[in-house]
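Structure record follows, encoded as structure tokens.
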Amino acid sequence: MQSLTDRKKVVGNKEMTFKEKLYLPAIFGGMWITFKHLFRKHNTLRYPEVKREFAPVYRGQHVLKRDEQGRENCTACGLCAVACPAEAITMVAGERKKGEEGLYREEKYAEMYEINMLRCIFCGLCEEACPKEAIFLTDRLVPSTFERDEFIYGKELLVEDVNLRIDITKRQLTGKRTEK
Amino acid sequence: METSELIEKFIVIVVLFTVSLGVAAYATYFERKVAAWFQDRIGPDRAGPFGILQPLADGGKLFFKEDFIPEKAEKWLFILGPGIAMFVALMTGCVIPWSTAMEFGQSVVELQVADVNIGILFIMGFLSIGVYGIMIGGWASNNKFALFGAIRASSQMISYELAMGICVITIVMMTGSLSLKDIVVHQHGFWADGYFTWNVFKQPLAFLVFFVCALAETNRAPFDLPECESELIGGYHTEYGSMKMGFYLFAEYTSMFISSAVIAVLFFGGFNFPGMDNFEGNTLALLGVGAMFAKTFFFIFVFMWIRWTIPRFRFDQLMHLGWKKLIPISLINMLVTGLVIAYLEGWFN
């Protein structure tokens with residue numbers, strides 16, 4: 001039968017030719033190849049000093065954003081938890097009391113908000129589901145620890161500091177979300 | 001023997017000992033660097049500038065590891081194994097002529113520990129003892145993989161010693177002496193009487209066979225079947241740890257250094273270099289040391305180059321190559337050499 005591609009290769013236990021039996025031509029050929037590699041550019045990054053640049057759309061550890069006046073955006077609607085395919089997100093909603101208007105943007109807020117970083121697959125669906133622009137994925141890495149329960153990140157790790165805003169515009173500008 | 005002569009020899013021995021250990025230590029570093037370069041990596045660069053303190057760190061680590069002896073092992077043989085390996089590897093260095101004599105005032109210092117008149121036989125003999133280190137270590141471990149490694153090592157070393165010996169005989173026939181010093185002096189300079197003086201140009205086939213055998217004798221890739229991580233989990237030193245393991249590794253690198261030196265002496269003119277007649281005295285001796293070490297290091301590099309290029313031979317291929325190819329080739333080479341020498345001596349006239 002005629003083959004559709006010419007990539008077919010008949011393999012068999014064929015006798016080696018004299019040149020192959022000598023080994024030496026093949027060995028010198030191999031040595032020439034490795035020798036050429038001596039002068040190639042190496043691919044290693046000296047890690048702690050040099051860090052590899054992430055892609056602009058890299059999805060790392062989450063952040064719960066505050067708005068311009070420092071109020072938490074999250075209203076504990078639970079859409080992120082519903083959207084999460086890994087079921088990594090859980091939360092408890094609370095009602096905003098009088099005098100807390102500077103802390104929470106709407107009347108309802110998340111009293112407790114936890115992401116299990118061991119379950120999370122960093123797909124970014126929580127970010128897509130969020131109607132309040134509260135949760136975003138950043139370019140930070142989740143550091144490793146020795147204990148499992150240390151991977152359950154509560155609000156103290158997730159909510160951004162008012163004085164230390166986390167820039168997520170890089171993803172917004174290059175990413176797919178154009179309007180909200 | 002006079003006291004001054006004793007002191008002089010003692011100094012030469014100590015220098016050679018430290019140099020061998022230093023070269024072996026830094027060979028481990030360069031092995032890793034060369035491997036890295038061949039694989040487009042950087043290699044060790046954390047300990048000190050460019051990682052040059054890496055061998056010290058490795059050695060320190062080996063010393064502080066637990067010195068473990070398995071319960072079922074033969075204790076004394078287990079300790080003896082690496083000792084023999086190390087001893088043999090260091091001993092072979094003492095008959096190698098590193099350069100011409102140096103003069104310090106009245107005294108003339110030969111840069112060779114012992115000019116034994118059967119130097120090359122001495123080296124061959126010690127190489128054969130080298131297999132005991134591996135064999136005893138593998139046997140004493142009481143581990144089947146270690147024993148496999150040891151058996152492979154001994155059969156391989158015995159097979160390749162034959163071809164190696166025959167190649168040496170051709171060189172000895174051409175020189176007319178078993179002394180390494182005489183062999184080097186015989187290759188004086190680089191060019192004489194319209195041809196190269198170095199033996200490699202007169203005996204390229206012997207050099208090739210000898211080099212392959214040297215790879216096999218030092219258990220280096222592609223003949224590293226005694227270690228063979230993938231099938232034998234490390235071979236004869238599976239059960240070893242701490243500095244005993246370090247001794248085996250050290251012995252491997254030391255014997256690599258010594259084999260490179262022997263190759264340089266036998267085939268590449270030892271401390272001879274082109275244009276050496278323009279120098280004399282201590283300058284010549286120092287330049288000779290430089291030439292000798294340059295050749296030796298080049299061959300160490302070639303050893304590494306081959307290791308990071310060629311995959312390991314299968315055991316039957318190894319035996320096939322040794323017995324059915326290298327030995328006949330070297331025998332024919334010896335025969336032809338003998339006939340040519342006889343012709344030049346005028347036997348057929």
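If you're wondering about the labels, chains in the structure tokens are A, B, ... by order shown, residues count from 1 in each chain, ligands from 1 in order shown.
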
Sorted per-residue table, chain A near chain B, closest atoms and distance, 10 Å, only C-alpha atoms, as CSV:
residue,atom,partner,partner_atom,distance
A:Leu22,CA,B:Lys325,CA,9.7
A:Ala26,CA,B:Ile310,CA,9.6
A:Ile27,CA,B:Ile310,CA,7.0
A:Phe28,CA,B:Ile306,CA,9.5
A:Gly29,CA,B:Thr309,CA,9.7
A:Gly30,CA,B:Thr309,CA,6.2
A:Met31,CA,B:Thr309,CA,5.9
A:Trp32,CA,B:Thr309,CA,9.2
A:Ile33,CA,B:Thr309,CA,8.4
A:Thr34,CA,B:Phe38,CA,5.7
A:Phe35,CA,B:Phe38,CA,7.0
A:Lys36,CA,B:Phe38,CA,8.2
A:His37,CA,B:Phe38,CA,5.2
A:Leu38,CA,B:Trp37,CA,5.2
A:Phe39,CA,B:Trp37,CA,7.9
A:Arg40,CA,B:Asp40,CA,6.4
A:Lys41,CA,B:Asp40,CA,6.5
A:His42,CA,B:Asp40,CA,4.3
A:Asn43,CA,B:Arg41,CA,6.1
A:Thr44,CA,B:Arg41,CA,5.7
A:Leu45,CA,B:Ile42,CA,8.9
A:Arg46,CA,B:Ile42,CA,8.8

Generate a file of the selected residues that holds C-alpha atoms, formatted as a PDB file, in the first residue's frame.
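What follows is the written file selection-v7.pdb:
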ATOM      1  CA  LEU A  22      34.250   0.586  13.411  1.00  0.00           C
ATOM      2  CA  ALA A  26      30.000   7.728  14.913  1.00  0.00           C
ATOM      3  CA  ILE A  27      31.965   8.443  18.085  1.00  0.00           C
ATOM      4  CA  PHE A  28      33.867  11.313  16.497  1.00  0.00           C
ATOM      5  CA  GLY A  29      30.616  12.635  15.073  1.00  0.00           C
ATOM      6  CA  GLY A  30      29.092  12.600  18.527  1.00  0.00           C
ATOM      7  CA  MET A  31      32.108  14.252  20.040  1.00  0.00           C
ATOM      8  CA  TRP A  32      31.956  16.997  17.443  1.00  0.00           C
ATOM      9  CA  ILE A  33      28.328  17.625  18.370  1.00  0.00           C
ATOM     10  CA  THR A  34      29.082  17.866  22.084  1.00  0.00           C
ATOM     11  CA  PHE A  35      32.102  20.040  21.330  1.00  0.00           C
ATOM     12  CA  LYS A  36      29.912  22.533  19.506  1.00  0.00           C
ATOM     13  CA  HIS A  37      27.774  22.753  22.614  1.00  0.00           C
ATOM     14  CA  LEU A  38      30.762  24.071  24.571  1.00  0.00           C
ATOM     15  CA  PHE A  39      30.346  27.399  22.865  1.00  0.00           C
ATOM     16  CA  ARG A  40      26.590  27.674  23.018  1.00  0.00           C
ATOM     17  CA  LYS A  41      24.783  30.145  25.196  1.00  0.00           C
ATOM     18  CA  HIS A  42      23.653  28.454  28.381  1.00  0.00           C
ATOM     19  CA  ASN A  43      20.024  28.469  29.364  1.00  0.00           C
ATOM     20  CA  THR A  44      20.468  28.619  33.119  1.00  0.00           C
ATOM     21  CA  LEU A  45      19.241  31.560  35.174  1.00  0.00           C
ATOM     22  CA  ARG A  46      21.181  32.095  38.412  1.00  0.00           C
TER      23      ARG A  46
END

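Of all the residues in range 48-146 of chain B, the ones DSSP labels as strand (DSSP E or B) from the backbone are Met102, Glu103, Phe104, Ser107, Val108 and Val109 of chain B.
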
Print the selection's residues with N, CA and C atoms to a file, as a short mmCIF file (atom, residue, chain, number, x, y, z; two decimals), in the first residue's frame.
data_model
loop_
_atom_site.label_atom_id
_atom_site.label_comp_id
_atom_site.auth_asym_id
_atom_site.auth_seq_id
_atom_site.Cartn_x
_atom_site.Cartn_y
_atom_site.Cartn_z
N MET B 102 66.00 19.29 37.91
CA MET B 102 66.17 20.69 38.29
C MET B 102 67.42 20.80 39.15
N GLU B 103 68.07 21.97 39.09
CA GLU B 103 69.28 22.15 39.88
C GLU B 103 69.05 23.23 40.92
N PHE B 104 69.38 22.89 42.17
CA PHE B 104 69.35 23.88 43.24
C PHE B 104 70.74 23.93 43.83
N SER B 107 72.85 20.48 44.42
CA SER B 107 72.07 19.25 44.27
C SER B 107 71.22 19.26 43.00
N VAL B 108 71.10 18.11 42.42
CA VAL B 108 70.28 17.93 41.23
C VAL B 108 69.05 17.12 41.62
N VAL B 109 67.88 17.70 41.40
CA VAL B 109 66.65 17.04 41.82
C VAL B 109 65.94 16.48 40.61
#

Practice problem: Do a neighbour search on Gln112 in chain B at 12 Å with only C-alpha atoms, toss out local chain neighbours closer than 3 positions, and write the hits as a ChimeraX atom specification. | Solution: /B:8-17,92-102,108-109,115-116,119,179-181,271,285,289

Exercise. Could you give me, as a PyMOL selection string, the residues within 12 Å of Ser259 in chain B, counting only C-alpha atoms and dropping anything in the same chain fewer than 5 positions from it?
Key: chain B and resi 20+89-90+92-93+96+120+123-124+126-127+164+210-220+251-254+264-267+295-300+302-303

Using C-alpha atoms, can you export the residues from the last selection as a short mmCIF file (atom, residue, chain, number, x, y, z; two decimals), in the first residue's frame?
data_model
loop_
_atom_site.label_atom_id
_atom_site.label_comp_id
_atom_site.auth_asym_id
_atom_site.auth_seq_id
_atom_site.Cartn_x
_atom_site.Cartn_y
_atom_site.Cartn_z
CA SER B 20 47.70 14.17 42.65
CA ALA B 89 45.87 4.98 42.32
CA LEU B 90 48.46 7.10 44.12
CA THR B 92 51.30 4.52 40.00
CA GLY B 93 52.24 8.18 39.91
CA ILE B 96 56.16 8.94 35.97
CA ILE B 120 56.02 0.62 32.66
CA ILE B 123 52.45 0.68 36.28
CA MET B 124 50.86 -2.33 34.59
CA PHE B 126 49.75 -1.74 39.97
CA LEU B 127 46.87 -1.36 37.55
CA MET B 164 46.85 -2.52 26.77
CA PHE B 210 45.73 2.04 24.46
CA PHE B 211 43.37 4.97 24.93
CA VAL B 212 40.27 2.78 24.70
CA CYS B 213 41.83 0.37 27.19
CA ALA B 214 42.70 3.25 29.50
CA LEU B 215 39.04 4.25 29.51
CA ALA B 216 38.10 0.70 30.41
CA GLU B 217 40.81 0.37 33.05
CA THR B 218 39.71 3.52 34.87
CA ASN B 219 36.06 2.40 34.66
CA ARG B 220 35.11 5.56 32.86
CA ALA B 251 40.72 6.84 43.39
CA GLU B 252 38.77 7.01 40.14
CA TYR B 253 39.80 10.59 39.51
CA THR B 254 43.38 10.01 40.60
CA ALA B 264 51.17 11.63 27.59
CA VAL B 265 54.42 9.87 28.49
CA LEU B 266 54.02 6.89 26.20
CA PHE B 267 52.57 8.54 23.13
CA LYS B 295 49.09 17.20 27.89
CA THR B 296 47.78 15.45 30.99
CA PHE B 297 44.98 17.95 31.48
CA PHE B 298 44.09 17.73 27.83
CA PHE B 299 43.62 13.99 28.18
CA ILE B 300 41.61 14.42 31.38
CA VAL B 302 39.12 14.13 26.59
CA PHE B 303 38.13 11.52 29.18
#

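In this structure, CA of Leu232 in chain B sits 6.8 Å away from CA of Gly149 in chain B.
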
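For the choices B:Gly137, B:Pro82, B:Gly105, B:Pro328, the atom-to-atom distance to Asn282 in chain B is smallest for B:Gly105 when using only C-alpha atoms.
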
Practice problem: Enumerate as a PyMOL selection string all residues of chain A assigned to helix (DSSP H, G or I) by DSSP on the backbone, naming them with the chain letters and numbers the document uses. | Solution: chain A and resi 18-21+24-37+79-83+125-129+149-151+155-158+169-174

File of the preceding selection, N, CA and C atoms, as a tab-separated table (two decimals), in the first residue's frame:
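Everything below was put into selection.tsv:
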chain	number	residue	atom	x	y	z
A	18	PHE	N	30.50	-1.90	7.56
A	18	PHE	CA	31.85	-1.88	8.12
A	18	PHE	C	32.12	-0.56	8.85
A	19	LYS	N	31.60	0.52	8.25
A	19	LYS	CA	31.82	1.84	8.84
A	19	LYS	C	31.16	1.93	10.22
A	20	GLU	N	29.97	1.34	10.31
A	20	GLU	CA	29.28	1.37	11.60
A	20	GLU	C	29.96	0.48	12.62
A	21	LYS	N	30.51	-0.63	12.14
A	21	LYS	CA	31.17	-1.57	13.05
A	21	LYS	C	32.44	-0.97	13.65
A	24	LEU	N	34.16	4.23	15.37
A	24	LEU	CA	34.88	5.49	15.49
A	24	LEU	C	34.24	6.66	14.75
A	25	PRO	N	33.78	6.49	13.48
A	25	PRO	CA	33.16	7.65	12.82
A	25	PRO	C	31.98	8.18	13.62
A	26	ALA	N	31.16	7.28	14.14
A	26	ALA	CA	30.00	7.73	14.91
A	26	ALA	C	30.44	8.41	16.20
A	27	ILE	N	31.49	7.86	16.83
A	27	ILE	CA	31.96	8.44	18.08
A	27	ILE	C	32.51	9.84	17.84
A	28	PHE	N	33.32	9.99	16.77
A	28	PHE	CA	33.87	11.31	16.50
A	28	PHE	C	32.76	12.28	16.11
A	29	GLY	N	31.76	11.78	15.40
A	29	GLY	CA	30.62	12.64	15.07
A	29	GLY	C	29.94	13.13	16.33
A	30	GLY	N	29.73	12.22	17.26
A	30	GLY	CA	29.09	12.60	18.53
A	30	GLY	C	29.93	13.58	19.29
A	31	MET	N	31.24	13.34	19.29
A	31	MET	CA	32.11	14.25	20.04
A	31	MET	C	32.12	15.64	19.41
A	32	TRP	N	32.02	15.70	18.11
A	32	TRP	CA	31.96	17.00	17.44
A	32	TRP	C	30.69	17.73	17.86
A	33	ILE	N	29.59	16.99	17.96
A	33	ILE	CA	28.33	17.63	18.37
A	33	ILE	C	28.45	18.18	19.78
A	34	THR	N	28.97	17.36	20.71
A	34	THR	CA	29.08	17.87	22.08
A	34	THR	C	30.06	19.03	22.14
A	35	PHE	N	31.12	18.96	21.31
A	35	PHE	CA	32.10	20.04	21.33
A	35	PHE	C	31.47	21.36	20.91
A	36	LYS	N	30.57	21.30	19.95
A	36	LYS	CA	29.91	22.53	19.51
A	36	LYS	C	29.08	23.14	20.64
A	37	HIS	N	28.59	22.25	21.51
A	37	HIS	CA	27.77	22.75	22.61
A	37	HIS	C	28.59	23.53	23.64
A	79	LEU	N	-20.17	34.13	44.24
A	79	LEU	CA	-20.08	33.70	42.85
A	79	LEU	C	-18.72	33.07	42.55
A	80	CYS	N	-17.67	33.56	43.20
A	80	CYS	CA	-16.36	32.98	42.97
A	80	CYS	C	-16.33	31.54	43.46
A	81	ALA	N	-16.94	31.32	44.63
A	81	ALA	CA	-16.96	29.97	45.18
A	81	ALA	C	-17.74	29.03	44.27
A	82	VAL	N	-18.81	29.56	43.68
A	82	VAL	CA	-19.60	28.73	42.77
A	82	VAL	C	-18.81	28.44	41.50
A	83	ALA	N	-18.10	29.48	41.03
A	83	ALA	CA	-17.36	29.31	39.78
A	83	ALA	C	-16.15	28.40	39.95
A	125	LEU	N	-11.01	31.53	37.17
A	125	LEU	CA	-12.45	31.65	36.96
A	125	LEU	C	-13.10	32.51	38.05
A	126	CYS	N	-12.53	32.54	39.27
A	126	CYS	CA	-13.06	33.39	40.34
A	126	CYS	C	-12.99	34.84	39.92
A	127	GLU	N	-11.87	35.18	39.32
A	127	GLU	CA	-11.67	36.54	38.86
A	127	GLU	C	-12.70	36.89	37.79
A	128	GLU	N	-12.97	35.96	36.92
A	128	GLU	CA	-13.92	36.21	35.84
A	128	GLU	C	-15.35	36.30	36.37
A	129	ALA	N	-15.62	35.48	37.43
A	129	ALA	CA	-16.99	35.46	37.96
A	129	ALA	C	-17.30	36.69	38.80
A	149	ASP	N	-2.13	23.11	56.77
A	149	ASP	CA	-3.10	24.16	57.13
A	149	ASP	C	-2.54	25.55	56.88
A	150	GLU	N	-1.24	25.66	56.68
A	150	GLU	CA	-0.70	26.99	56.38
A	150	GLU	C	-1.00	27.40	54.95
A	151	PHE	N	-1.52	26.47	54.17
A	151	PHE	CA	-1.86	26.81	52.79
A	151	PHE	C	-3.28	27.36	52.66
A	155	LYS	N	-8.35	36.06	55.20
A	155	LYS	CA	-8.39	37.44	54.73
A	155	LYS	C	-7.12	38.20	55.03
A	156	GLU	N	-6.45	37.82	56.15
A	156	GLU	CA	-5.25	38.57	56.54
A	156	GLU	C	-4.15	38.45	55.47
A	157	LEU	N	-4.19	37.38	54.70
A	157	LEU	CA	-3.19	37.23	53.63
A	157	LEU	C	-3.73	37.69	52.28
A	158	LEU	N	-5.05	37.65	52.13
A	158	LEU	CA	-5.60	37.89	50.80
A	158	LEU	C	-5.92	39.37	50.55
A	169	THR	N	-2.73	45.69	36.90
A	169	THR	CA	-3.08	46.25	35.60
A	169	THR	C	-2.39	45.54	34.45
A	170	LYS	N	-1.24	44.91	34.76
A	170	LYS	CA	-0.52	44.25	33.67
A	170	LYS	C	-1.39	43.17	33.03
A	171	ARG	N	-2.07	42.43	33.87
A	171	ARG	CA	-2.95	41.39	33.35
A	171	ARG	C	-4.16	42.03	32.67
A	172	GLN	N	-4.66	43.10	33.28
A	172	GLN	CA	-5.87	43.72	32.72
A	172	GLN	C	-5.61	44.25	31.32
A	173	LEU	N	-4.41	44.81	31.10
A	173	LEU	CA	-4.13	45.44	29.81
A	173	LEU	C	-3.89	44.41	28.73
A	174	THR	N	-3.22	43.35	29.08
A	174	THR	CA	-2.91	42.36	28.05
A	174	THR	C	-3.92	41.24	28.02

Selection: 9 Å around Ala163 in chain B, only C-alpha atoms, excl. self and same-chain fewer than 3 positions, as a JSON list (two decimals) with N, CA and C atoms, in the first residue's frame:
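part17.json was written with the following content:
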[["chain", "number", "residue", "atom", "x", "y", "z"],
["B", 159, "SER", "N", 40.28, -8.23, 30.86],
["B", 159, "SER", "CA", 40.23, -8.31, 29.40],
["B", 159, "SER", "C", 40.98, -7.19, 28.74],
["B", 160, "TYR", "N", 40.84, -5.99, 29.29],
["B", 160, "TYR", "CA", 41.43, -4.85, 28.59],
["B", 160, "TYR", "C", 42.90, -4.68, 28.90],
["B", 166, "ILE", "N", 49.83, -5.28, 25.23],
["B", 166, "ILE", "CA", 50.43, -5.49, 23.91],
["B", 166, "ILE", "C", 50.81, -4.16, 23.27],
["B", 167, "CYS", "N", 49.94, -3.13, 23.49],
["B", 167, "CYS", "CA", 50.27, -1.81, 22.95],
["B", 167, "CYS", "C", 51.54, -1.28, 23.60],
["B", 168, "VAL", "N", 51.67, -1.52, 24.92],
["B", 168, "VAL", "CA", 52.87, -1.06, 25.60],
["B", 168, "VAL", "C", 54.09, -1.77, 25.04],
["B", 209, "VAL", "N", 44.17, 2.04, 20.58],
["B", 209, "VAL", "CA", 43.83, 0.88, 21.40],
["B", 209, "VAL", "C", 44.15, 1.15, 22.86],
["B", 210, "PHE", "N", 45.32, 1.75, 23.08],
["B", 210, "PHE", "CA", 45.73, 2.04, 24.46],
["B", 210, "PHE", "C", 44.74, 3.00, 25.11],
["B", 213, "CYS", "N", 41.59, 1.23, 26.03],
["B", 213, "CYS", "CA", 41.83, 0.37, 27.19],
["B", 213, "CYS", "C", 41.97, 1.21, 28.45],
["B", 322, "GLY", "N", 36.66, -6.00, 23.40],
["B", 322, "GLY", "CA", 37.95, -6.25, 24.04],
["B", 322, "GLY", "C", 38.66, -7.45, 23.44],
["B", 323, "TRP", "N", 37.95, -8.59, 23.37],
["B", 323, "TRP", "CA", 38.63, -9.83, 23.00],
["B", 323, "TRP", "C", 38.72, -10.03, 21.49],
["B", 326, "LEU", "N", 40.08, -5.52, 19.87],
["B", 326, "LEU", "CA", 41.26, -4.79, 20.31],
["B", 326, "LEU", "C", 42.48, -5.70, 20.39],
["B", 327, "ILE", "N", 42.29, -6.91, 20.92],
["B", 327, "ILE", "CA", 43.46, -7.79, 21.06],
["B", 327, "ILE", "C", 44.03, -8.20, 19.70],
["B", 328, "PRO", "N", 43.19, -8.64, 18.71],
["B", 328, "PRO", "CA", 43.77, -8.93, 17.39],
["B", 328, "PRO", "C", 44.42, -7.71, 16.76],
["B", 329, "ILE", "N", 43.76, -6.55, 16.89],
["B", 329, "ILE", "CA", 44.34, -5.35, 16.26],
["B", 329, "ILE", "C", 45.71, -5.08, 16.85],
["B", 330, "SER", "N", 45.80, -5.14, 18.19],
["B", 330, "SER", "CA", 47.08, -4.80, 18.81],
["B", 330, "SER", "C", 48.12, -5.87, 18.50],
["B", 331, "LEU", "N", 47.68, -7.14, 18.38],
["B", 331, "LEU", "CA", 48.64, -8.19, 18.04],
["B", 331, "LEU", "C", 49.23, -7.96, 16.66]]

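For the pair CA of Phe268 in chain B and CA of Phe122 in chain B, the interatomic distance is 19.8 Å.
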
Exercise. Considering only C-alpha atoms, return as a PyMOL selection string whatever protein or nucleic-acid residues lie within 9 Å of range 129-136 of chain B, sequence-local ones (same chain, fewer than 3 positions apart) excluded.
Key: chain B and resi 77-78+80-89+124-126+139-141+147+149-151+153-154+157-158+217+226+236-237+248

Mind dumping the selected residues with C-alpha atoms as an mmCIF file, in the first residue's frame?
data_model
loop_
_atom_site.group_PDB
_atom_site.id
_atom_site.type_symbol
_atom_site.label_atom_id
_atom_site.label_comp_id
_atom_site.auth_asym_id
_atom_site.auth_seq_id
_atom_site.Cartn_x
_atom_site.Cartn_y
_atom_site.Cartn_z
ATOM 1 C CA LEU B 77 37.660 -6.094 53.954
ATOM 2 C CA PHE B 78 35.024 -3.382 53.784
ATOM 3 C CA LEU B 80 40.426 -2.351 53.174
ATOM 4 C CA GLY B 81 38.683 -1.979 49.775
ATOM 5 C CA PRO B 82 38.747 1.807 49.403
ATOM 6 C CA GLY B 83 42.169 1.900 51.017
ATOM 7 C CA ILE B 84 43.613 -0.370 48.338
ATOM 8 C CA ALA B 85 41.876 1.570 45.574
ATOM 9 C CA MET B 86 43.330 4.837 46.818
ATOM 10 C CA PHE B 87 46.787 3.385 47.516
ATOM 11 C CA VAL B 88 47.098 1.861 44.058
ATOM 12 C CA ALA B 89 45.869 4.982 42.320
ATOM 13 C CA MET B 124 50.860 -2.331 34.594
ATOM 14 C CA GLY B 125 51.345 -4.338 37.765
ATOM 15 C CA PHE B 126 49.746 -1.742 39.967
ATOM 16 C CA TRP B 139 32.573 -8.619 47.886
ATOM 17 C CA ALA B 140 32.743 -7.241 51.416
ATOM 18 C CA SER B 141 29.547 -5.223 51.002
ATOM 19 C CA LEU B 147 29.084 -8.046 43.787
ATOM 20 C CA GLY B 149 29.642 -4.502 39.864
ATOM 21 C CA ALA B 150 32.795 -6.035 41.255
ATOM 22 C CA ILE B 151 32.598 -9.032 38.940
ATOM 23 C CA ALA B 153 34.955 -4.612 36.984
ATOM 24 C CA SER B 154 37.358 -7.506 37.355
ATOM 25 C CA MET B 157 39.901 -4.898 33.675
ATOM 26 C CA ILE B 158 41.472 -8.285 32.999
ATOM 27 C CA GLU B 217 40.810 0.372 33.055
ATOM 28 C CA PRO B 226 31.009 -1.578 37.249
ATOM 29 C CA TYR B 236 30.659 -1.869 43.821
ATOM 30 C CA HIS B 237 30.273 1.192 46.038
ATOM 31 C CA TYR B 248 36.573 5.313 45.749
#

Exercise. Excluding Glu106 in chain A and any residue of its chain fewer than 4 positions from it, enumerate the residues within 9 Å of it, using only C-alpha atoms, and give them as a ChimeraX atom specification.
Key: /A:71-75,96,101
